[in-house]
>>> print(open('input-v3.cif').read())   # mmCIF, C-alpha atoms
data_structure
#
loop_
_atom_site.label_atom_id
_atom_site.label_comp_id
_atom_site.auth_asym_id
_atom_site.auth_seq_id
_atom_site.Cartn_x
_atom_site.Cartn_y
_atom_site.Cartn_z
CA MET A 100 -18.00 -2.76 4.21
CA ARG A 101 -15.40 -0.83 2.25
CA ASP A 102 -14.95 -0.47 -1.47
CA PHE A 103 -11.17 -0.42 -1.17
CA ILE A 104 -8.64 -0.99 1.60
CA PHE A 105 -5.06 0.15 1.05
CA ILE A 106 -2.13 -0.95 3.16
CA ILE A 107 1.07 1.08 3.08
CA GLY A 108 4.36 0.93 4.95
CA THR A 109 8.02 0.27 4.43
CA SER A 110 9.34 -3.00 3.05
CA GLY A 111 9.20 -5.84 5.57
CA ILE A 112 6.75 -4.12 7.93
CA GLY A 113 4.01 -6.71 7.36
CA LYS A 114 1.77 -5.34 4.59
CA THR A 115 1.31 -8.72 2.92
CA THR A 116 0.82 -10.49 6.26
CA LEU A 117 -1.92 -8.03 7.20
CA GLY A 118 -3.52 -8.22 3.76
CA LYS A 119 -3.63 -12.00 3.87
CA GLY A 120 -4.98 -11.89 7.42
CA LEU A 121 -7.80 -9.58 6.42
CA PHE A 122 -8.60 -11.73 3.41
CA TYR A 123 -8.72 -14.88 5.53
CA ILE A 124 -10.98 -13.36 8.18
CA ILE A 125 -13.53 -11.96 5.79
CA ARG A 126 -13.52 -14.99 3.51
CA VAL A 127 -13.74 -17.58 6.30
CA LEU A 128 -16.53 -15.76 8.12
CA SER A 129 -18.33 -15.31 4.79
CA LEU A 130 -19.28 -11.80 5.78
CA ASN A 131 -18.53 -10.16 2.49
CA LYS A 132 -17.19 -10.86 -0.88
CA ILE A 133 -13.56 -9.89 -0.97
CA TRP A 134 -10.63 -10.07 -3.30
CA PHE A 135 -7.06 -9.85 -2.17
CA LEU A 136 -5.24 -7.89 -4.78
CA ASN A 137 -1.56 -7.53 -4.28
CA LEU A 138 -0.24 -4.70 -6.40
CA GLU A 139 3.02 -6.49 -6.78
CA TYR A 140 5.36 -4.49 -8.87
CA LEU A 141 8.24 -5.75 -10.90
CA LYS A 142 10.78 -4.01 -8.71
CA MET A 143 14.02 -2.87 -10.24
CA MET B 207 0.15 -8.92 -10.48
CA VAL B 208 1.04 -7.37 -13.80
CA PRO B 209 2.56 -9.79 -16.34
CA GLU B 210 6.00 -9.06 -17.74
CA PHE B 211 6.11 -6.60 -20.59
CA GLY B 212 8.65 -4.94 -22.86
CA ILE B 213 9.80 -1.36 -22.44
CA PRO B 214 9.71 0.79 -25.59
CA GLU B 215 12.83 2.64 -26.64
CA ASN B 216 13.26 6.32 -25.88
CA VAL B 217 11.27 6.26 -22.65
CA ASP B 218 12.44 6.44 -19.06
CA GLU B 219 12.44 2.75 -18.17
CA GLY B 220 11.60 3.15 -14.49
CA VAL B 221 8.89 5.76 -15.00
CA PHE B 222 7.27 3.73 -17.77
CA GLU B 223 7.39 0.45 -15.85
CA GLU B 224 5.93 1.96 -12.68
CA GLN B 225 3.21 3.78 -14.61
CA VAL B 226 2.12 0.64 -16.48
CA CYS B 227 1.99 -1.35 -13.23
CA TRP B 228 0.04 1.30 -11.33
CA GLU B 229 -2.48 1.97 -14.09
CA CYS B 230 -3.08 -1.74 -14.74
CA CYS B 231 -3.69 -2.34 -11.04
CA VAL B 232 -6.03 0.64 -10.68
CA ALA B 233 -7.98 -0.59 -13.73
CA GLN B 234 -8.18 -4.07 -12.21
CA MET B 235 -9.37 -2.75 -8.85
CA MET B 236 -12.02 -0.62 -10.54
CA LYS B 237 -13.19 -3.60 -12.60
CA PHE B 238 -13.54 -5.76 -9.49
CA HIS B 239 -15.57 -2.97 -7.90
CA GLU B 240 -17.75 -2.69 -10.98
CA MET B 241 -18.39 -6.46 -10.74
CA GLY B 242 -19.74 -6.03 -7.21
CA ILE B 243 -16.71 -7.14 -5.23
CA LYS B 244 -16.11 -5.23 -2.01
CA ASN B 245 -13.20 -4.84 0.41
CA ILE B 246 -10.67 -4.94 -2.40
CA ILE B 247 -7.22 -4.79 -0.81
CA GLY B 248 -4.42 -2.92 -2.55
CA SER B 249 -0.83 -2.93 -1.37
CA ASP B 250 2.82 -2.97 -2.43
CA PHE B 251 2.75 -0.04 -4.82
CA ASP B 252 5.44 2.62 -5.03
CA ASP B 253 5.18 4.85 -1.94
CA LEU B 254 4.88 7.96 -4.13
CA ARG B 255 1.57 6.57 -5.42
CA THR B 256 0.11 6.91 -1.93
CA ALA B 257 -0.36 10.57 -2.83
CA ASP B 258 -2.55 9.55 -5.79
CA ILE B 259 -5.03 7.51 -3.74
CA PRO B 260 -7.20 10.46 -2.59
CA ASP B 261 -7.37 11.68 -6.21
CA VAL B 262 -8.00 8.38 -7.98
CA PHE B 263 -10.37 6.89 -5.40
CA LYS B 264 -12.31 10.01 -4.45
CA GLY B 265 -16.03 9.22 -4.30
CA TYR B 266 -15.45 5.65 -3.07
CA ASN B 267 -15.62 4.26 0.45
CA TYR B 268 -11.94 3.58 0.99
CA ILE B 269 -9.49 3.58 3.87
CA THR B 270 -5.70 3.54 3.94
CA ILE B 271 -3.94 1.70 6.75
CA LYS B 272 -0.47 3.11 7.29
CA LEU B 273 1.80 0.71 9.16
CA THR B 274 4.55 2.40 11.14
CA CYS B 275 7.15 1.23 13.64
CA ASN B 276 9.40 3.05 16.06
CA ASP B 277 11.97 0.29 16.29
CA LEU B 278 14.18 -0.15 13.24
CA SER B 279 15.75 -3.29 14.73
CA GLN B 280 12.30 -4.94 14.85
CA LEU B 281 11.82 -4.13 11.17
CA HIS B 282 15.30 -5.39 10.38
CA ASN B 283 14.52 -8.72 12.06
CA GLN B 284 11.16 -9.02 10.34
CA MET B 285 12.82 -8.56 6.97
CA LYS B 286 15.64 -10.95 7.89
CA ASN B 287 13.17 -13.66 8.89
CA ARG B 288 10.68 -13.29 6.05
CA LYS B 289 10.13 -16.39 3.96
CA ASN B 290 10.27 -14.56 0.67
CA GLY B 291 10.31 -11.01 -0.59
CA LEU B 292 12.86 -8.27 -0.96
CA LEU B 293 15.86 -8.10 1.38
CA ASP B 294 17.11 -4.54 1.20
CA TYR B 295 17.82 -2.95 4.57
CA GLU B 296 18.88 0.41 3.13
CA LEU B 297 15.61 0.75 1.21
CA GLN B 298 13.73 -0.30 4.33
CA ARG B 299 15.40 2.39 6.45
CA LYS B 300 14.92 5.18 3.90
CA CYS B 301 11.27 4.31 3.32
CA PHE B 302 10.78 3.95 7.10
CA ASP B 303 12.12 7.48 7.64
CA LYS B 304 9.85 9.03 5.02
CA ILE B 305 6.66 7.22 5.98
CA ASN B 306 7.07 7.66 9.74
CA LYS B 307 7.57 11.42 9.41
CA ARG B 308 4.83 12.06 6.87
CA PRO B 309 1.53 13.54 8.10
CA LEU B 310 -1.55 11.40 7.50
CA LEU B 311 -3.36 11.87 4.20
CA ILE B 312 -7.14 11.88 3.76
CA ASN B 313 -8.80 8.65 4.98
CA GLU B 314 -5.45 7.38 6.23
CA VAL B 315 -5.16 5.76 9.69
CA GLU B 316 -1.91 4.75 11.37
CA ILE B 317 -1.17 1.49 13.15
CA ASP B 318 2.09 1.44 15.09
CA ILE B 319 3.28 -2.16 15.01
CA THR B 320 6.11 -1.68 17.51
CA ASN B 321 6.29 -4.72 19.84
CA LYS B 322 3.03 -6.12 18.46
CA THR B 323 2.32 -9.56 17.04
CA SER B 324 0.78 -9.95 13.60
CA GLN B 325 -2.46 -11.03 15.30
CA GLN B 326 -2.55 -7.84 17.38
CA VAL B 327 -2.00 -5.75 14.26
CA LEU B 328 -4.73 -7.65 12.44
CA ASP B 329 -7.22 -7.18 15.30
CA GLU B 330 -6.46 -3.47 15.40
CA ALA B 331 -6.85 -3.17 11.63
CA VAL B 332 -10.24 -4.89 11.67
CA LYS B 333 -11.51 -2.47 14.33
CA ILE B 334 -10.24 0.50 12.36
CA ILE B 335 -11.73 -0.72 9.09
CA ASP B 336 -15.07 -1.41 10.75
CA ASN B 337 -15.33 1.72 12.88
CA THR B 338 -13.43 4.60 11.30
CA GLU B 339 -15.54 7.25 9.64
CA THR B 340 -13.97 8.23 6.34
CA LEU B 341 -14.76 10.93 3.81
CA ILE B 342 -16.27 10.37 0.38
CA GLU B 343 -16.17 13.99 -0.74
CA TYR B 344 -13.30 16.36 0.09
CA SER B 345 -10.86 18.80 -1.35
CA TYR B 346 -7.33 17.54 -1.67
CA GLN B 347 -4.00 18.98 -2.63
CA LYS B 348 -1.13 16.58 -3.14
CA PRO B 349 1.64 16.92 -0.56
CA LYS B 350 5.18 17.72 -1.68
CA LYS B 351 6.88 14.86 -3.48
CA ASP B 352 9.85 14.85 -1.15
CA LEU B 353 7.63 13.50 1.65
CA PHE B 354 7.49 10.19 -0.23
CA TYR B 355 9.90 7.46 -1.23
CA SER B 356 10.07 6.15 -4.79
CA TRP B 357 12.03 3.26 -6.23
CA VAL B 358 12.02 5.00 -9.62
CA PHE B 359 15.51 6.47 -10.03
CA SER B 360 14.49 9.52 -12.04
CA ASN B 361 12.01 10.62 -9.36
CA ARG B 362 15.13 11.32 -7.24
CA LEU B 363 13.40 10.23 -4.04
CA ARG B 364 15.53 7.21 -3.21
#
>>> encode(input="input-v3.cif", output="structure tokens")
Amino acid sequence: MRDFIFIIGTSGIGKTTLGKGLFYIIRVLSLNKIWFLNLEYLKM
Amino acid sequence: MVPEFGIPENVDEGVFEEQVCWECCVAQMMKFHEMGIKNIIGSDFDDLRTADIPDVFKGYNYITIKLTCNDLSQLHNQMKNRKNGLLDYELQRKCFDKINKRPLLINEVEIDITNKTSQQVLDEAVKIIDNTETLIEYSYQKPKKDLFYSWVFSNRLR
């Protein structure tokens, strides 16, 4: 179990898809408590 | 997500906005951790902030998954076909160049998504998260800024 998991990569590479996938797996299997936190910036 | 906020006068708008967003999100992540929540996922911050992760999160059990791709046309198509989100191919290419070339930072692991499905990438990520040994204590010196991309104009990394 990790404290924090960061996902980086260029725009459109699949960061959100991966983040949501990880969230779904861990939540559905009820292995750990998890929170999907999308550091969504107000892009210029 | 950080709610909308006003920008004070006499500050660099981009620098201020990015700093508020980053610091609010770090505070939120730390609060979740303090409340006993684990596997807190952070993403979509300015690429330059990647260099701050080993400083800010030193002492925690964290891992950074760096997604790379060797096929710009694949990335182009992924962006073209996304349901929502930014459509900026120039930004995508510039950020792609910087991130692909940059050496790995502490506790950072690369997944090359070239010719892979989202399920394959997810399976690989789960294995990496579960099995990679990461460091809690280390010495760290920030890499040069020009190895990173930043959407903040005054950082001159666009």
>>> residues_around(input="input-v3.cif", residues="Leu363 of chain B", least_positions_apart="2", cutoff="9 Å", atoms="all atoms listed in the file", output="PyMOL selection string")
chain B and resi 254+351-361
>>> resolve_selection(input="input-v3.cif", expression="the PyMOL selection byres ((chain B) within 7 of (chain A))", output="ChimeraX atom specification")
/B:207,227,231,239,243-251,266-274,281,284-285,298,301-302,305,328
>>> resolve_selection(input="input-v3.cif", expression="the PyMOL selection byres ((chain B and resi 257) around 10)", output="number ranges by chain")
B: 253-256, 258-262, 311-312, 346-351, 353-354
>>> write_last_selection(input="input-v3.cif", atoms="C-alpha atoms", output="tab-separated table (two decimals), in the frame of the given file")
chain	number	residue	atom	x	y	z
B	253	ASP	CA	5.18	4.85	-1.94
B	254	LEU	CA	4.88	7.96	-4.13
B	255	ARG	CA	1.57	6.57	-5.42
B	256	THR	CA	0.11	6.91	-1.93
B	258	ASP	CA	-2.55	9.55	-5.79
B	259	ILE	CA	-5.03	7.51	-3.74
B	260	PRO	CA	-7.20	10.46	-2.59
B	261	ASP	CA	-7.37	11.68	-6.21
B	262	VAL	CA	-8.00	8.38	-7.98
B	311	LEU	CA	-3.36	11.87	4.20
B	312	ILE	CA	-7.14	11.88	3.76
B	346	TYR	CA	-7.33	17.54	-1.67
B	347	GLN	CA	-4.00	18.98	-2.63
B	348	LYS	CA	-1.13	16.58	-3.14
B	349	PRO	CA	1.64	16.92	-0.56
B	350	LYS	CA	5.18	17.72	-1.68
B	351	LYS	CA	6.88	14.86	-3.48
B	353	LEU	CA	7.63	13.50	1.65
B	354	PHE	CA	7.49	10.19	-0.23
>>> atom_distance(input="input-v3.cif", atom1="atom CA of Lys237 of chain B", atom2="atom CA of Lys264 of chain B")
15.9 Å
>>> atom_distance(input="input-v3.cif", atom1="atom CA of Ile334 of chain B", atom2="atom CA of Val315 of chain B")
7.8 Å
>>> atom_distance(input="input-v3.cif", atom1="atom CA of Arg288 of chain B", atom2="atom CA of Asp252 of chain B")
20.1 Å
>>> closest_residue(input="input-v3.cif", among="B:Asn276, B:Asn216, B:Gly242, B:Met235", to="Thr320 of chain B", atoms="all atoms listed in the file")
B:Asn276
